[in-house]
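What follows is a short report on a single structure.
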Amino acid sequence: MNSQQSKPYQVYSVWLKKHYGEKVYKIPINIPVTCPNRDGTLGHEGCIYCGEKGGGNETLSNLLSVKEQMEINSKYIGKRFNAKKFIPYFQSFTNTYCEFSDFKAWIKACIRPDVVEIAISTRPDCVTDEQLFFLQEIKKENNIEITIELGLQSVNSNTLKIINRRHTLEDYLETMDRIKQAGFMACTHLIIDLPWDQEIDVVNAAKIISEKGSDFVKCHSLYIEKNTQLERLYKVGKVQLLTKEAYIKRAILFLENLSSEVVVQRLIGRAPKEDSIVTNWDTSWWKIRDELEAQMNNENYYQGRLFSGKR
């Protein structure tokens with residue numbers, strides 16, 4: 001563990017301040033896109049856990065323009081956290097699944113003098129070379145970083161089918177190669193406690209994303225949002241969630257097998273109570289995080305302790 005950092009893992013806020021020299025905060029951006037798993041291209045219902053907002057539970061309406069969302073959110077976040085630099089984060093649904101002309105316009109609309117990076121959340125099977133070339137130009141012309149966030153969720157092929165992701169691990173591996181070759185940073189999203197995964201899948205996920213060069217990782221538990229296929233399965237007893245203790249155990253196992261170079265953007269997520277029926281065992285996300293950190297410190301566990309691969 002890094003002796004200069006009190007946490008037993010690489011903390012995103014610490015990395016941001018070191019990398020950019022000051023406080024930097026993400027601004028969620030909501031654009032009118034959908035997903036190939038919803039519009040009929042691959043499927044109609046989406047992933048079994050995906051709610052009506054497509055992961056953007058805390059975003060503004062996509063009826064507002066990108067510039068309007070930037071203005072509103074930067075004023076609020078800037079005042080609340082005394083931040084002067086921002087990262088517009090295209091968050092809801094699949095943000096590269098759109099007309100190229102729209103994609104270019106939305107990206108350009110978020111560029112301002114106080115923007116140091118642009119983060120784009122998407123699926124591993126929805127990133128085109130045309131988009132990557134355009135983003136290379138944006139990065140060079142504006143001297144800003146680009147991070148592409150890929151929703152992987154699991155490295156277990158059977159689990160990916162059960163949760164109806166409709167992409168493969170191979171899609172993730174291939175797209176990660178193209179993202180890194182383009183000179184961008186990458187963030188990988190994982191659900192640590194999928195009941196169809198085993199602990200070995202969590203270990204393998206840590207090793208794979210480390211070796212593929214993912215700069216960041218976001219982890220969260222499997223919460224059940226309203227009006228989803230997962231809710232229907234849960235209510236008839238076809239899905240049983242893991243316990244909070246099991247989540248913490250898996251998260252620690254994941255961190256210990258994760259390269260110490262990977263920055264942890266999130267260890268546990270959250271969903272608003274009004275949008276879900278089960279979220280984080282009715283426990284505040286920060287309490288789970290604190291419990292996890294206390295357990296790691298007490299047992300002298302730390303990120304990368306069991307990682308033996310190559311970056």
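As shown in the structure tokens, the chain order sets the letters A, B, ...; within each chain, residues go from 1, and ligands are also counted from 1 in the order they appear.
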
Item to check | Ile29 of chain A surroundings by only C-alpha atoms, 12 Å radius, close-in-sequence under 5 positions cut, as a PyMOL selection string | outcome: chain A and resi 55-74+86-93+95+106-107+109-110+118-121

Checklist entry - Can you list, as a ChimeraX atom specification, every protein, DNA or RNA residue that comes within 7 Å of Leu230 of chain A when you count only C-alpha atoms, leaving out same-chain residues fewer than 5 positions away? => result /A:48-49,224

Those same residues, written as an mmCIF file, in the first residue's frame with N, CA, C and O atoms?
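Dumped to part13.cif:
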data_model
loop_
_atom_site.group_PDB
_atom_site.id
_atom_site.type_symbol
_atom_site.label_atom_id
_atom_site.label_comp_id
_atom_site.auth_asym_id
_atom_site.auth_seq_id
_atom_site.Cartn_x
_atom_site.Cartn_y
_atom_site.Cartn_z
ATOM 1 N N ILE A 48 -31.160 -7.170 -17.805
ATOM 2 C CA ILE A 48 -32.266 -7.500 -16.898
ATOM 3 C C ILE A 48 -32.366 -6.538 -15.718
ATOM 4 O O ILE A 48 -33.418 -6.420 -15.108
ATOM 5 N N TYR A 49 -31.273 -5.819 -15.424
ATOM 6 C CA TYR A 49 -31.269 -4.902 -14.274
ATOM 7 C C TYR A 49 -31.422 -3.439 -14.672
ATOM 8 O O TYR A 49 -31.512 -2.563 -13.819
ATOM 9 N N ILE A 224 -31.881 -3.724 -7.436
ATOM 10 C CA ILE A 224 -33.051 -4.054 -8.244
ATOM 11 C C ILE A 224 -33.897 -2.811 -8.447
ATOM 12 O O ILE A 224 -34.525 -2.290 -7.519
#

Contacts between segment 208-216 of chain A and segment 94-196 of chain A, please, where a residue of segment 94-196 of chain A counts if it comes within 8 Å (with only C-alpha atoms); show its shortest atom pair and distance in Å to one decimal, rows by chain and ascending number, as CSV.
residue,atom,partner,partner_atom,distance
A:Leu173,CA,A:Lys212,CA,7.2
A:Met176,CA,A:Lys212,CA,6.7
A:Asp177,CA,A:Lys212,CA,7.3
A:Lys180,CA,A:Gly213,CA,7.5
A:Met185,CA,A:Asp215,CA,6.0
A:Ala186,CA,A:Ser214,CA,5.1
A:Cys187,CA,A:Phe216,CA,4.4
A:Thr188,CA,A:Phe216,CA,6.4

Item to check | Expected answer as JSON, numbers by chain: helix (DSSP H, G or I) residues in segment 36-156 of chain A | outcome: {"A": [66, 67, 68, 69, 70, 71, 72, 73, 74, 75, 76, 77, 78, 79, 80, 81, 100, 101, 102, 103, 104, 105, 106, 107, 108, 109, 129, 130, 131, 132, 133, 134, 135, 136, 137, 138, 139, 140, 141, 142]}

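The coordinates place atom CA of Asp193 of chain A at 5.7 Å from atom CA of Ser221 of chain A.
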
Next on the checklist: If we count only C-alpha atoms and set the cut-off at 9 Å, which residues sit around segment 11-13 of chain A, ignoring sequence neighbours fewer than 5 positions away in its own chain? Please answer as a list in words.
Outcome noted: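 Neighbouring residues, sequence-local ones excluded: Gln5, Lys18, Lys23, Val24, Tyr25, Phe216, Val263, Val264, Gln265 and Arg266 of chain A.
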
With N, CA, C and O atoms retained, write the just-selected residues as an mmCIF file, in the first residue's frame.
data_model
loop_
_atom_site.group_PDB
_atom_site.id
_atom_site.type_symbol
_atom_site.label_atom_id
_atom_site.label_comp_id
_atom_site.auth_asym_id
_atom_site.auth_seq_id
_atom_site.Cartn_x
_atom_site.Cartn_y
_atom_site.Cartn_z
ATOM 1 N N GLN A 5 -0.869 7.376 1.233
ATOM 2 C CA GLN A 5 -2.319 7.364 1.089
ATOM 3 C C GLN A 5 -2.911 6.495 2.189
ATOM 4 O O GLN A 5 -2.515 5.353 2.372
ATOM 5 N N LYS A 18 -3.914 15.064 -7.975
ATOM 6 C CA LYS A 18 -2.505 14.901 -8.336
ATOM 7 C C LYS A 18 -2.300 15.088 -9.837
ATOM 8 O O LYS A 18 -1.349 15.742 -10.279
ATOM 9 N N LYS A 23 -8.736 20.466 -7.462
ATOM 10 C CA LYS A 23 -9.984 19.728 -7.414
ATOM 11 C C LYS A 23 -10.639 19.700 -8.792
ATOM 12 O O LYS A 23 -10.705 20.715 -9.481
ATOM 13 N N VAL A 24 -11.119 18.528 -9.159
ATOM 14 C CA VAL A 24 -11.839 18.370 -10.423
ATOM 15 C C VAL A 24 -13.070 17.510 -10.147
ATOM 16 O O VAL A 24 -12.978 16.493 -9.459
ATOM 17 N N TYR A 25 -14.212 17.915 -10.690
ATOM 18 C CA TYR A 25 -15.444 17.162 -10.454
ATOM 19 C C TYR A 25 -16.137 16.813 -11.769
ATOM 20 O O TYR A 25 -16.094 17.578 -12.734
ATOM 21 N N PHE A 216 -9.043 3.044 -14.885
ATOM 22 C CA PHE A 216 -9.974 3.207 -13.779
ATOM 23 C C PHE A 216 -10.928 2.018 -13.724
ATOM 24 O O PHE A 216 -11.093 1.289 -14.695
ATOM 25 N N VAL A 263 -6.908 3.009 -10.848
ATOM 26 C CA VAL A 263 -7.541 3.936 -9.910
ATOM 27 C C VAL A 263 -9.008 3.545 -9.715
ATOM 28 O O VAL A 263 -9.726 3.303 -10.692
ATOM 29 N N VAL A 264 -9.435 3.485 -8.465
ATOM 30 C CA VAL A 264 -10.798 3.066 -8.142
ATOM 31 C C VAL A 264 -11.715 4.292 -8.101
ATOM 32 O O VAL A 264 -11.658 5.094 -7.172
ATOM 33 N N GLN A 265 -12.527 4.442 -9.131
ATOM 34 C CA GLN A 265 -13.466 5.573 -9.160
ATOM 35 C C GLN A 265 -14.638 5.351 -8.217
ATOM 36 O O GLN A 265 -15.191 6.294 -7.665
ATOM 37 N N ARG A 266 -15.024 4.072 -8.037
ATOM 38 C CA ARG A 266 -16.178 3.786 -7.192
ATOM 39 C C ARG A 266 -16.088 2.354 -6.685
ATOM 40 O O ARG A 266 -15.787 1.432 -7.444
#
